[in-house]
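**Q** File follows, structure.txt with compact mmCIF, C-alpha atoms and all ligand atoms:
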# COMPACT_ATOMS: atom_id res chain seq x y z
CA MET G 1 192.28 47.26 145.03
CA THR G 2 191.72 50.56 146.77
CA THR G 3 190.30 52.76 144.03
CA ASN G 4 186.99 53.02 142.26
CA VAL G 5 186.35 50.67 139.35
CA VAL G 6 186.58 52.07 135.82
CA PHE G 7 183.45 51.97 133.71
CA VAL G 8 183.66 50.20 130.36
CA ILE G 9 181.54 50.70 127.25
CA ASP G 10 181.89 48.95 123.92
CA THR G 11 182.37 50.71 120.62
CA ASN G 12 178.60 51.21 120.28
CA GLN G 13 178.57 52.81 123.74
CA LYS G 14 176.77 49.86 125.28
CA PRO G 15 177.59 49.63 129.02
CA LEU G 16 179.64 46.58 130.04
CA GLN G 17 180.79 45.15 133.36
CA PRO G 18 183.21 47.67 134.95
CA CYS G 19 186.87 46.71 135.40
CA SER G 20 189.61 47.59 137.87
CA ALA G 21 191.91 50.53 137.27
CA ALA G 22 194.81 48.15 136.60
CA VAL G 23 192.93 46.30 133.87
CA ALA G 24 191.82 49.57 132.33
CA ARG G 25 195.41 50.80 132.27
CA LYS G 26 196.50 47.62 130.49
CA LEU G 27 193.75 47.93 127.89
CA LEU G 28 194.68 51.56 127.28
CA LEU G 29 198.40 50.77 126.94
CA ARG G 30 197.75 47.95 124.47
CA GLY G 31 195.57 50.22 122.39
CA LYS G 32 192.47 48.06 122.87
CA ALA G 33 190.55 50.90 124.48
CA ALA G 34 190.56 54.66 124.66
CA MET G 35 189.65 57.10 127.38
CA PHE G 36 186.02 58.14 126.93
CA ARG G 37 185.45 60.30 129.96
CA ARG G 38 187.58 61.33 132.87
CA TYR G 39 185.05 61.95 135.66
CA PRO G 40 183.75 59.37 136.28
CA ALA G 41 186.46 57.29 134.59
CA VAL G 42 185.05 55.56 131.51
CA ILE G 43 186.97 53.69 128.80
CA ILE G 44 185.59 52.77 125.42
CA LEU G 45 186.60 49.47 123.83
CA LYS G 46 187.56 49.49 120.18
CA LYS G 47 185.38 46.48 119.39
CA GLU G 48 181.79 45.40 119.61
CA VAL G 49 180.67 43.12 122.44
CA ASP G 50 177.60 41.02 121.67
CA SER G 51 176.74 39.03 124.73
CA VAL G 52 176.21 40.97 127.88
CA GLY G 53 174.92 38.95 130.82
CA LYS G 54 172.09 40.02 133.04
CA PRO G 55 173.02 43.19 134.96
CA LYS G 56 173.82 42.40 138.58
CA ILE G 57 175.14 45.68 139.92
CA GLU G 58 172.91 47.73 142.16
CA LEU G 59 173.02 51.50 142.49
CA ARG G 60 172.38 52.64 146.04
CA ILE G 61 171.68 56.23 147.01
CA ASP G 62 171.68 57.98 150.36
CA PRO G 63 170.17 61.42 149.75
CA GLY G 64 171.08 64.08 152.31
CA SER G 65 170.60 67.79 152.69
CA LYS G 66 174.21 68.73 152.00
CA TYR G 67 175.67 65.56 150.48
CA THR G 68 174.23 62.69 148.55
CA GLY G 69 176.13 59.43 148.58
CA PHE G 70 176.18 57.01 145.64
CA ALA G 71 177.53 53.48 145.73
CA LEU G 72 177.64 50.71 143.16
CA VAL G 73 177.28 47.37 144.86
CA ASP G 74 178.12 43.94 143.54
CA SER G 75 176.51 41.18 145.59
CA LYS G 76 178.18 37.78 145.66
CA ASP G 77 179.01 35.05 148.20
CA ASN G 78 176.48 36.42 150.71
CA ALA G 79 178.17 39.80 150.94
CA ASP G 80 177.80 43.21 149.33
CA PHE G 81 180.93 44.69 147.78
CA ILE G 82 181.08 48.45 147.25
CA ILE G 83 183.04 48.75 144.02
CA TRP G 84 182.46 52.41 143.30
CA GLY G 85 181.51 55.37 145.47
CA THR G 86 180.79 59.04 144.98
CA GLU G 87 179.89 61.92 147.21
CA LEU G 88 177.87 64.65 145.58
CA GLU G 89 177.98 67.99 147.36
CA HIS G 90 174.88 70.08 146.75
CA ARG G 91 174.64 73.84 146.48
CA GLY G 92 171.21 74.29 148.05
CA ALA G 93 172.51 76.92 150.47
CA ALA G 94 174.14 78.91 147.65
CA ILE G 95 170.92 78.86 145.63
CA CYS G 96 168.90 79.96 148.63
CA LYS G 97 171.32 82.84 149.27
CA GLU G 98 171.19 84.05 145.67
CA LEU G 99 167.40 83.93 145.55
CA THR G 100 167.08 85.77 148.84
CA LYS G 101 169.40 88.45 147.50
CA ARG G 102 167.35 88.79 144.34
CA SER G 103 164.05 88.98 146.16
CA ALA G 104 165.42 91.65 148.52
CA ILE G 105 166.57 93.76 145.58
CA ARG G 106 163.22 93.39 143.85
CA ARG G 107 161.29 94.20 146.98
CA SER G 108 163.25 97.34 147.67
CA ARG G 109 162.89 98.47 144.08
CA ARG G 110 159.12 98.03 144.22
CA ASN G 111 159.00 100.03 147.42
CA ARG G 112 160.86 102.90 145.89
CA LYS G 113 158.72 103.23 142.79
CA THR G 114 155.26 102.48 144.02
CA ARG G 115 152.95 102.89 141.14
CA TYR G 116 149.65 101.09 141.60
CA ARG G 117 149.91 97.42 141.01
CA LYS G 118 146.89 95.25 140.46
CA LYS G 119 146.44 92.57 143.05
CA ARG G 120 147.48 89.20 141.83
CA PHE G 121 145.31 86.27 142.77
CA GLU G 122 145.65 82.58 142.25
CA ARG G 123 149.35 82.49 142.79
CA ARG G 124 149.27 79.02 144.22
CA LYS G 125 152.25 76.77 143.81
CA PRO G 126 151.65 73.72 141.66
CA GLU G 127 151.23 70.42 143.45
CA GLY G 128 154.47 68.76 144.39
CA TRP G 129 156.35 72.03 144.18
CA LEU G 130 159.66 72.16 146.00
CA ALA G 131 161.75 75.24 146.76
CA PRO G 132 164.50 75.70 144.12
CA SER G 133 167.20 74.84 146.63
CA LEU G 134 165.46 71.52 147.35
CA GLN G 135 164.49 70.82 143.76
CA HIS G 136 168.16 71.22 142.85
CA ARG G 137 168.97 68.19 145.03
CA VAL G 138 166.46 66.08 143.17
CA ASP G 139 167.67 67.33 139.79
CA THR G 140 171.38 66.81 140.33
CA THR G 141 170.79 63.38 141.83
CA LEU G 142 168.75 62.41 138.78
CA THR G 143 171.49 63.73 136.49
CA TRP G 144 174.03 61.49 138.19
CA VAL G 145 171.77 58.45 138.18
CA LYS G 146 171.25 58.89 134.44
CA ARG G 147 174.97 59.38 133.94
CA ILE G 148 175.84 56.21 135.85
CA CYS G 149 173.17 54.20 134.00
CA LYS G 150 174.77 55.21 130.72
CA PHE G 151 178.05 53.56 131.63
CA VAL G 152 177.12 50.66 133.93
CA PRO G 153 174.52 47.92 133.49
CA ILE G 154 172.33 48.59 136.52
CA MET G 155 169.98 45.97 137.92
CA SER G 156 168.00 48.16 140.31
CA ILE G 157 168.19 51.33 142.37
CA SER G 158 167.85 51.43 146.16
CA VAL G 159 167.15 54.73 147.87
CA GLU G 160 167.03 55.58 151.53
CA GLN G 161 163.67 57.25 151.60
CA VAL G 162 162.70 58.31 155.08
CA LYS G 163 165.10 59.45 157.72
CA PHE G 164 162.61 59.89 160.53
CA ASP G 165 158.99 59.03 160.23
CA LEU G 166 157.66 62.24 161.76
CA GLN G 167 154.09 61.09 162.09
CA LYS G 168 155.14 57.90 163.80
CA LEU G 169 157.35 59.89 166.16
CA GLU G 170 154.48 62.01 167.42
CA ASN G 171 152.21 59.03 168.14
CA SER G 172 154.90 56.63 169.20
CA ASP G 173 154.28 54.36 172.12
CA ILE G 174 157.31 55.03 174.25
CA GLN G 175 156.57 52.18 176.66
CA GLY G 176 156.84 49.66 173.91
CA ILE G 177 160.00 51.18 172.60
CA GLU G 178 161.71 51.30 175.95
CA TYR G 179 161.27 47.56 176.25
CA GLN G 180 162.56 46.95 172.75
CA GLN G 181 165.73 48.99 172.80
CA GLY G 182 168.05 48.06 170.01
CA THR G 183 165.31 46.98 167.64
CA LEU G 184 164.40 48.87 164.54
CA ALA G 185 161.27 50.35 166.09
CA GLY G 186 163.11 52.12 168.89
CA TYR G 187 166.02 53.01 166.70
CA THR G 188 164.22 55.61 164.67
CA LEU G 189 162.92 57.53 167.67
CA ARG G 190 166.25 57.32 169.46
CA GLU G 191 168.13 58.48 166.35
CA ALA G 192 165.74 61.39 165.91
CA LEU G 193 166.16 62.42 169.54
CA LEU G 194 169.93 62.18 169.31
CA GLU G 195 169.91 64.35 166.23
CA HIS G 196 167.50 66.86 167.72
CA TRP G 197 169.24 67.25 171.08
CA GLY G 198 172.79 67.12 169.80
CA ARG G 199 173.90 63.76 171.19
CA LYS G 200 174.43 64.94 174.75
CA CYS G 201 172.66 65.05 178.09
CA ALA G 202 170.21 67.95 178.04
CA TYR G 203 170.87 68.80 181.70
CA CYS G 204 174.64 68.45 182.13
CA ASP G 205 176.00 68.35 178.55
CA VAL G 206 177.89 65.11 179.16
CA GLU G 207 178.71 63.34 175.89
CA ASN G 208 179.65 59.81 174.85
CA VAL G 209 177.65 58.10 177.58
CA PHE G 210 174.50 56.02 177.35
CA LEU G 211 171.63 58.47 177.17
CA GLU G 212 168.17 57.69 178.44
CA ILE G 213 164.92 58.96 176.98
CA GLU G 214 163.55 61.52 179.42
CA HIS G 215 160.11 63.09 179.73
CA ILE G 216 160.39 66.86 180.03
CA TYR G 217 157.01 67.06 181.71
CA PRO G 218 157.02 63.93 183.89
CA LYS G 219 154.99 60.99 182.76
CA SER G 220 153.75 60.32 186.29
CA LYS G 221 152.06 63.71 186.23
CA GLY G 222 150.41 63.03 182.90
CA GLY G 223 153.20 64.08 180.54
CA SER G 224 152.70 62.78 177.04
CA ASP G 225 154.89 60.43 175.00
CA LYS G 226 154.98 62.85 172.10
CA PHE G 227 158.31 63.64 170.54
CA SER G 228 158.05 67.23 171.70
CA ASN G 229 157.92 66.11 175.35
CA LEU G 230 161.01 63.95 175.12
CA THR G 231 164.67 64.71 175.59
CA LEU G 232 167.83 62.81 176.40
CA ALA G 233 169.57 62.68 179.76
CA CYS G 234 172.38 60.71 181.32
CA HIS G 235 171.42 58.16 183.95
CA LYS G 236 172.51 60.41 186.83
CA CYS G 237 170.47 63.40 185.69
CA ASN G 238 167.50 61.22 184.89
CA ILE G 239 167.49 59.81 188.44
CA ASN G 240 168.07 63.26 189.96
CA LYS G 241 165.20 64.77 188.06
CA GLY G 242 162.89 61.95 188.99
CA ASN G 243 159.29 63.14 188.77
CA LYS G 244 160.09 66.80 189.20
CA SER G 245 158.89 69.13 186.51
CA ILE G 246 161.55 70.88 184.50
CA ASP G 247 160.79 74.23 186.18
CA GLU G 248 161.42 72.70 189.60
CA PHE G 249 164.50 70.77 188.55
CA LEU G 250 166.22 73.70 186.85
CA LEU G 251 165.17 76.32 189.40
CA SER G 252 168.72 77.56 189.86
CA ASP G 253 169.74 77.28 186.22
CA HIS G 254 167.55 79.77 184.40
CA LYS G 255 169.70 79.89 181.31
CA ARG G 256 169.46 76.17 180.64
CA LEU G 257 165.74 76.15 181.36
CA GLU G 258 165.16 78.80 178.71
CA GLN G 259 167.41 76.94 176.29
CA ILE G 260 165.59 73.65 176.67
CA LYS G 261 162.17 75.26 176.38
CA LEU G 262 163.25 77.07 173.23
CA HIS G 263 164.68 73.93 171.70
CA GLN G 264 161.57 71.98 172.62
CA LYS G 265 159.50 74.32 170.46
CA LYS G 266 161.73 73.88 167.43
CA THR G 267 160.09 71.47 165.10
CA LEU G 268 162.05 68.99 163.09
CA LYS G 269 162.01 71.42 160.19
CA ASP G 270 165.26 70.16 158.73
CA ALA G 271 164.14 66.58 158.85
CA ALA G 272 160.82 67.56 157.27
CA ALA G 273 162.61 69.25 154.36
CA VAL G 274 164.82 66.22 153.82
CA ASN G 275 161.79 63.94 153.93
CA ALA G 276 159.91 66.02 151.33
CA THR G 277 162.91 65.97 149.02
CA ARG G 278 163.43 62.25 149.44
CA LYS G 279 159.85 61.43 148.57
CA LYS G 280 160.05 63.56 145.43
CA LEU G 281 163.35 61.95 144.52
CA VAL G 282 161.90 58.46 144.67
CA THR G 283 158.91 59.34 142.49
CA THR G 284 161.17 61.16 140.02
CA LEU G 285 163.49 58.18 139.79
CA GLN G 286 160.55 55.85 139.25
CA GLU G 287 159.21 58.04 136.47
CA LYS G 288 162.45 58.84 134.71
CA THR G 289 164.67 55.76 134.88
CA PHE G 290 162.54 52.70 133.98
CA LEU G 291 164.48 50.77 136.61
CA ASN G 292 163.18 49.04 139.67
CA VAL G 293 163.42 51.62 142.48
CA LEU G 294 163.45 50.14 145.97
CA VAL G 295 163.14 52.18 149.15
CA SER G 296 164.35 51.60 152.68
CA ASP G 297 164.55 53.57 155.89
CA GLY G 298 167.46 55.24 157.62
CA ALA G 299 167.48 53.07 160.70
CA SER G 300 168.22 49.84 158.83
CA THR G 301 171.03 51.62 156.92
CA LYS G 302 172.72 52.48 160.18
CA MET G 303 172.24 48.95 161.53
CA THR G 304 173.89 47.47 158.45
CA ARG G 305 176.78 49.93 158.62
CA LEU G 306 177.40 49.19 162.28
CA SER G 307 177.21 45.42 161.86
CA SER G 308 179.69 45.70 158.97
CA SER G 309 181.84 47.90 161.29
CA LEU G 310 182.30 50.66 158.76
CA ALA G 311 182.95 54.36 159.39
CA LYS G 312 180.31 56.98 158.68
CA ARG G 313 180.75 58.39 155.21
CA HIS G 314 178.04 59.44 152.81
CA TRP G 315 179.06 56.95 150.13
CA ILE G 316 179.43 54.10 152.64
CA ASP G 317 175.99 54.87 154.04
CA ALA G 318 174.70 54.66 150.48
CA GLY G 319 176.28 51.22 150.14
CA CYS G 320 174.44 50.04 153.26
CA VAL G 321 170.99 51.08 152.02
CA ASN G 322 168.38 48.33 151.71
CA THR G 323 170.50 45.34 152.60
CA THR G 324 170.92 42.92 155.47
CA LEU G 325 174.17 41.42 154.18
CA ILE G 326 177.63 42.40 155.41
CA VAL G 327 179.02 45.27 153.36
CA ILE G 328 182.66 45.10 152.29
CA LEU G 329 184.66 47.96 150.80
CA LYS G 330 186.46 47.39 147.54
CA THR G 331 187.37 51.05 147.19
CA LEU G 332 188.77 53.61 149.59
CA GLN G 333 188.77 56.60 147.32
CA PRO G 334 185.35 57.83 146.32
CA LEU G 335 185.02 60.44 143.62
CA GLN G 336 184.11 63.73 145.20
CA VAL G 337 181.81 65.89 143.16
CA LYS G 338 180.80 69.42 144.03
CA CYS G 339 177.91 71.18 142.34
CA ASN G 340 179.26 74.43 141.02
CA GLY G 341 176.45 75.65 138.82
CA HIS G 342 176.89 76.87 135.29
CA GLY G 343 177.78 80.43 136.18
CA ASN G 344 175.76 83.56 135.87
CA LYS G 345 173.07 83.78 133.24
CA GLN G 346 172.00 87.31 134.02
CA PHE G 347 171.83 89.54 130.96
CA VAL G 348 172.26 92.88 132.68
CA THR G 349 174.51 93.35 135.67
CA MET G 350 173.04 95.24 138.60
CA ASP G 351 174.62 97.23 141.36
CA ALA G 352 173.85 96.68 145.04
CA TYR G 353 170.67 98.76 144.73
CA GLY G 354 169.24 96.83 141.82
CA PHE G 355 169.93 99.45 139.17
CA PRO G 356 171.28 98.24 135.85
CA ARG G 357 174.90 99.24 135.74
CA LYS G 358 175.95 97.89 132.40
CA SER G 359 173.88 97.18 129.38
CA TYR G 360 173.85 93.64 128.10
CA GLU G 361 177.12 92.51 126.68
CA PRO G 362 177.14 89.12 125.07
CA LYS G 363 179.84 87.15 126.80
CA LYS G 364 182.53 86.25 124.35
CA VAL G 365 182.90 82.55 124.84
CA ARG G 366 186.16 81.44 123.34
CA LYS G 367 185.63 78.69 120.90
CA ASP G 368 188.44 76.58 122.26
CA TRP G 369 188.39 76.89 126.05
CA LYS G 370 186.18 78.18 128.78
CA ALA G 371 186.56 78.55 132.52
CA GLY G 372 186.19 75.22 134.30
CA ASP G 373 187.62 73.04 131.53
CA ILE G 374 190.26 70.64 132.77
CA ILE G 375 193.16 70.65 130.36
CA ARG G 376 196.64 69.27 129.93
CA VAL G 377 199.32 71.67 128.81
CA THR G 378 202.64 70.70 127.28
CA LYS G 379 205.24 73.16 128.53
CA LYS G 380 208.20 74.42 126.54
CA ASP G 381 210.57 71.89 128.13
CA GLY G 382 208.23 69.06 127.17
CA THR G 383 206.78 68.41 130.61
CA MET G 384 203.04 68.05 131.03
CA LEU G 385 200.84 69.97 133.38
CA MET G 386 197.22 69.41 134.28
CA GLY G 387 194.92 72.14 135.53
CA ARG G 388 191.57 73.78 135.51
CA VAL G 389 191.11 76.76 133.23
CA LYS G 390 190.42 79.89 135.26
CA LYS G 391 189.84 82.09 132.27
CA ALA G 392 190.49 81.91 128.60
CA ALA G 393 191.83 84.84 126.61
CA LYS G 394 192.76 85.09 122.99
CA LYS G 395 195.33 82.36 122.41
CA LEU G 396 196.05 82.00 126.13
CA VAL G 397 194.63 79.93 128.93
CA TYR G 398 195.13 80.67 132.62
CA ILE G 399 195.45 77.76 134.96
CA PRO G 400 196.70 77.66 138.54
CA PHE G 401 200.34 76.68 138.60
CA GLY G 402 202.53 76.61 141.69
CA GLY G 403 199.96 78.45 143.80
CA LYS G 404 199.66 81.22 141.26
CA GLU G 405 197.80 81.77 138.05
CA ALA G 406 199.96 81.13 135.01
CA SER G 407 199.21 81.64 131.36
CA PHE G 408 199.93 79.10 128.68
CA SER G 409 199.52 79.14 124.95
CA SER G 410 196.20 77.62 124.12
CA GLU G 411 197.75 75.77 121.17
CA ASN G 412 199.67 73.50 123.53
CA ALA G 413 196.60 72.56 125.54
CA LYS G 414 194.50 69.43 125.22
CA ALA G 415 191.08 68.94 126.79
CA ILE G 416 190.78 66.30 129.47
CA HIS G 417 187.33 67.08 130.77
CA ARG G 418 185.09 69.87 129.58
CA SER G 419 183.38 72.09 132.12
CA ASP G 420 180.03 70.54 133.09
CA GLY G 421 178.97 72.42 136.19
CA TYR G 422 180.75 70.16 138.67
CA ARG G 423 184.10 70.24 140.38
CA TYR G 424 185.84 66.90 140.82
CA SER G 425 188.44 65.70 143.28
CA PHE G 426 189.72 62.62 145.05
CA ALA G 427 190.33 62.78 148.77
CA ALA G 428 193.51 61.25 150.13
CA ILE G 429 193.00 57.59 151.04
CA ASP G 430 191.17 57.44 154.32
CA SER G 431 193.55 55.95 156.92
CA GLU G 432 190.63 55.05 159.19
CA LEU G 433 189.07 53.00 156.41
CA LEU G 434 192.40 51.48 155.42
CA GLN G 435 192.81 50.04 158.91
CA LYS G 436 189.35 48.54 158.74
CA MET G 437 190.18 46.97 155.42
CA ALA G 438 193.40 45.38 156.66
CA THR G 439 191.79 43.68 159.64
ZN ZN U 1 173.42 64.57 182.68
If you convert what's in this file into structure tokens, what do you get?

**A**
Amino acid sequence: MTTNVVFVIDTNQKPLQPCSAAVARKLLLRGKAAMFRRYPAVIILKKEVDSVGKPKIELRIDPGSKYTGFALVDSKDNADFIIWGTELEHRGAAICKELTKRSAIRRSRRNRKTRYRKKRFERRKPEGWLAPSLQHRVDTTLTWVKRICKFVPIMSISVEQVKFDLQKLENSDIQGIEYQQGTLAGYTLREALLEHWGRKCAYCDVENVFLEIEHIYPKSKGGSDKFSNLTLACHKCNINKGNKSIDEFLLSDHKRLEQIKLHQKKTLKDAAAVNATRKKLVTTLQEKTFLNVLVSDGASTKMTRLSSSLAKRHWIDAGCVNTTLIVILKTLQPLQVKCNGHGNKQFVTMDAYGFPRKSYEPKKVRKDWKAGDIIRVTKKDGTMLMGRVKKAAKKLVYIPFGGKEASFSSENAKAIHRSDGYRYSFAAIDSELLQKMAT
């Protein structure tokens, strides 16, 4: 089996144990089930099922800033089997861009027409407030968790909560960690440094070698063990630098000196944003799902993935969250989901200067189709064609066909999946993963 499992619900829409694609195909062909939903694939049985055993599938989530990985894991025989995976691509950057554009337009408009405005006080953000681009990550993740719970009997949810413990990093005892390389304690600091300094020697840019933790201001001269005083260097550079200060060591290389000093000042802003979102996500899941939500840290996820010798993918990382067992892939083709948004909800269109250019026109939504619907069209010669509706006009739908946009009579079209704000695709089967599976 190399594809995701198919979710199964009974005629009362009670979630049952998922089945393989082959079994689902058989059930569909024999008329014992019907297609309920395309993405994710769900079939509905035409009979009632009374006895459903205790749920034993776990949903594991690896929330990230750009992608969130989901994996359904079935644990048996002392191993974890990933039976279903999804990668959810967020649109945080797009939201941020749109909001920045809007605020710029509003600001410039206020500056042009400056009547007196009363000062506004008490504009504090409510507690637990997240920027819309971050809140979106929590919201879409919750949507997908709820969606999965509707179709699969879920035992518990595991979430990777903290990537780097920032507070721990600043007060970390480097001596201890140096002697414990390879353990969980050192892992987090090392991972954070690798991420921060781009996985290369800070002094000679050499990559793919063993990097040593290096004190920017030497420890022998009283340099601290704080994260901000640490960098990574190859063995050669580390020895060469010895107990020289960075100004001495890089006397002839002004450019690099400036670069390192600049980078040193950069806080782990990205990591901080991810951490804030993750914490909110866990509390939201606890409040909204009534399931047991377990948390784990990023370092143990990586350890599990490496000991299972799996490649780095968001959905595989998700499968390795909160476990010490060996993780085995049962699927090679995760569902790829991209957040698209639900389109523009603005009533009045504006020009680049923020002036209303058109008065409000109610958008004529065609009753039958709208942009984003996935449909199947029967062509005149009887062949079928599947596509995504680009726009719907009276009696016609436009879907991409042969690299171009083609119009088809809307009477010959049948809905496969209605537009729901996401774009779905399957990547080609990963050859790197396939090799791993064969061995
Ligand atoms: Zn070096």

**Q** Show me which residues sit within 10 Å of ligand ZN 1 (chain U) when counting only C-alpha atoms and all ligand atoms, and put them as a compact mmCIF listing (two decimals) with C-alpha atoms, in the frame of the given file.

**A**
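Writing done, so here's out.txt:
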# COMPACT_ATOMS: atom_id res chain seq x y z
CA LYS G 200 174.43 64.94 174.75
CA CYS G 201 172.66 65.05 178.09
CA ALA G 202 170.21 67.95 178.04
CA TYR G 203 170.87 68.80 181.70
CA CYS G 204 174.64 68.45 182.13
CA ASP G 205 176.00 68.35 178.55
CA VAL G 206 177.89 65.11 179.16
CA GLU G 207 178.71 63.34 175.89
CA VAL G 209 177.65 58.10 177.58
CA LEU G 211 171.63 58.47 177.17
CA GLU G 212 168.17 57.69 178.44
CA LEU G 232 167.83 62.81 176.40
CA ALA G 233 169.57 62.68 179.76
CA CYS G 234 172.38 60.71 181.32
CA HIS G 235 171.42 58.16 183.95
CA LYS G 236 172.51 60.41 186.83
CA CYS G 237 170.47 63.40 185.69
CA ASN G 238 167.50 61.22 184.89
CA ILE G 239 167.49 59.81 188.44
CA ASN G 240 168.07 63.26 189.96
CA LYS G 241 165.20 64.77 188.06

**Q** Please provide as a PyMOL selection string all residues within 8 Å of stretch 340-342 of chain G, with the sequence filter that same-chain residues fewer than 6 positions apart are discarded (counting all atoms listed in the file).

**A** chain G and resi 91+420-423

**Q** In Å, how far is it from atom CA of G:Leu329 to atom CA of G:Ile83?

**A** 7.0 Å

**Q** If you measure from atom CA of G:Leu28 to atom CA of G:Asp10, what distance in Å do you get, rounded to one decimal?

**A**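 Answer for the atom CA of G:Leu28 to atom CA of G:Asp10 separation: 13.5 Å.
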
**Q** Mind dumping a table of every stretch 328-418 of chain G residue within 9 Å of stretch 38-50 of chain G, with the nearest atom pair and its distance in Å to one decimal, using all atoms listed in the file, sorted by chain and rising number, as JSON lines?

**A**
{"residue": "G:Leu335", "atom": "CA", "partner": "G:Pro40", "partner_atom": "CA", "distance": 7.5}
{"residue": "G:Ile416", "atom": "CA", "partner": "G:Arg38", "partner_atom": "CA", "distance": 6.8}
{"residue": "G:His417", "atom": "CA", "partner": "G:Arg38", "partner_atom": "CA", "distance": 6.1}

**Q** Compare G:Ala79, G:Ala104, G:Ala71, G:Ala34 by their minimum atom-to-atom distance to G:Gly354, counting all atoms listed in the file, and give me the closest one.

**A**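 Checking each candidate against G:Gly354, we get G:Ala104 as the closest.
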
**Q** Rounded to one decimal place, report the atom CA of G:Phe249-atom CA of G:Trp197 distance in Å.

**A** 18.4 Å

**Q** Pick out the closest residue to G:Val138 from this set: G:Thr349, G:Thr301, G:Ser407, G:Thr277. Count all atoms listed in the file.

**A**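 Looking only at the distances to G:Val138, the closest residue turns out to be G:Thr277.
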
**Q** Extract, using all atoms listed in the file, all DNA, RNA and protein residues at most 10 Å from G:Ala352, discarding same-chain residues fewer than 3 positions from it, and format them as a ChimeraX atom specification.

**A** /G:101,105,349,355-357

**Q** Go ahead and save the picked residues with C-alpha atoms, as a compact mmCIF listing (two decimals), keeping the file's coordinate frame.

**A**
# COMPACT_ATOMS: atom_id res chain seq x y z
CA LYS G 101 169.40 88.45 147.50
CA ILE G 105 166.57 93.76 145.58
CA THR G 349 174.51 93.35 135.67
CA PHE G 355 169.93 99.45 139.17
CA PRO G 356 171.28 98.24 135.85
CA ARG G 357 174.90 99.24 135.74

**Q** When distances are computed from all atoms listed in the file, which of G:Arg123, G:Lys76, G:Arg137, G:Arg115 shows the smallest separation from G:Lys279?

**A**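 Nearest candidate to G:Lys279 out of G:Arg123, G:Lys76, G:Arg137, G:Arg115: G:Arg137.
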
**Q** Just checking: using all atoms listed in the file, which residue out of G:Ala33, G:Ile328, G:Ala311, G:Met386 ends up closest to G:Ile9?

**A**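 Closest to G:Ile9, using all atoms listed in the file: G:Ala33.
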
**Q** Of the candidates G:Val6, G:Ile216, G:Ile326, G:Ile429, which shows the shortest atom-to-atom distance to G:Ile260, using only C-alpha atoms?

**A**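 The shortest atom-to-atom distance to G:Ile260 comes from G:Ile216.
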
**Q** May I have the residues within 12 Å of G:Ala94 as a ChimeraX atom specification, using all atoms listed in the file and disregarding those fewer than 4 positions away in the same chain?

**A** /G:66,89-90,98-101,132-134,136,339-341

**Q** Please dump the current selection as an mmCIF file, in the frame of the given file; keep C-alpha atoms.

**A**
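And here is the file that came out, part33.cif:
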data_model
loop_
_atom_site.group_PDB
_atom_site.id
_atom_site.type_symbol
_atom_site.label_atom_id
_atom_site.label_comp_id
_atom_site.auth_asym_id
_atom_site.auth_seq_id
_atom_site.Cartn_x
_atom_site.Cartn_y
_atom_site.Cartn_z
ATOM 1 C CA LYS G 66 174.210 68.730 152.000
ATOM 2 C CA GLU G 89 177.980 67.990 147.360
ATOM 3 C CA HIS G 90 174.880 70.080 146.750
ATOM 4 C CA GLU G 98 171.190 84.050 145.670
ATOM 5 C CA LEU G 99 167.400 83.930 145.550
ATOM 6 C CA THR G 100 167.080 85.770 148.840
ATOM 7 C CA LYS G 101 169.400 88.450 147.500
ATOM 8 C CA PRO G 132 164.500 75.700 144.120
ATOM 9 C CA SER G 133 167.200 74.840 146.630
ATOM 10 C CA LEU G 134 165.460 71.520 147.350
ATOM 11 C CA HIS G 136 168.160 71.220 142.850
ATOM 12 C CA CYS G 339 177.910 71.180 142.340
ATOM 13 C CA ASN G 340 179.260 74.430 141.020
ATOM 14 C CA GLY G 341 176.450 75.650 138.820
#

**Q** May I have the residues within 12 Å of G:Lys312 as a list in words, using only C-alpha atoms and disregarding those fewer than 3 positions away in the same chain?

**A**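 Close residues of G:Lys312: Gly69, Thr301, Lys302, Met303, Thr304, Arg305, Leu306, Ser308, Ser309, Trp315, Ile316, Asp317, Ala318, Gly319, Cys320, Asp430, Glu432 and Leu433 of chain G.
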
**Q** Compare G:Asn412, G:Arg256, G:Thr383, G:Lys345 by their minimum atom-to-atom distance to G:Lys395, counting all atoms listed in the file, and give me the closest one.

**A**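 Looking only at the distances to G:Lys395, the closest residue turns out to be G:Asn412.
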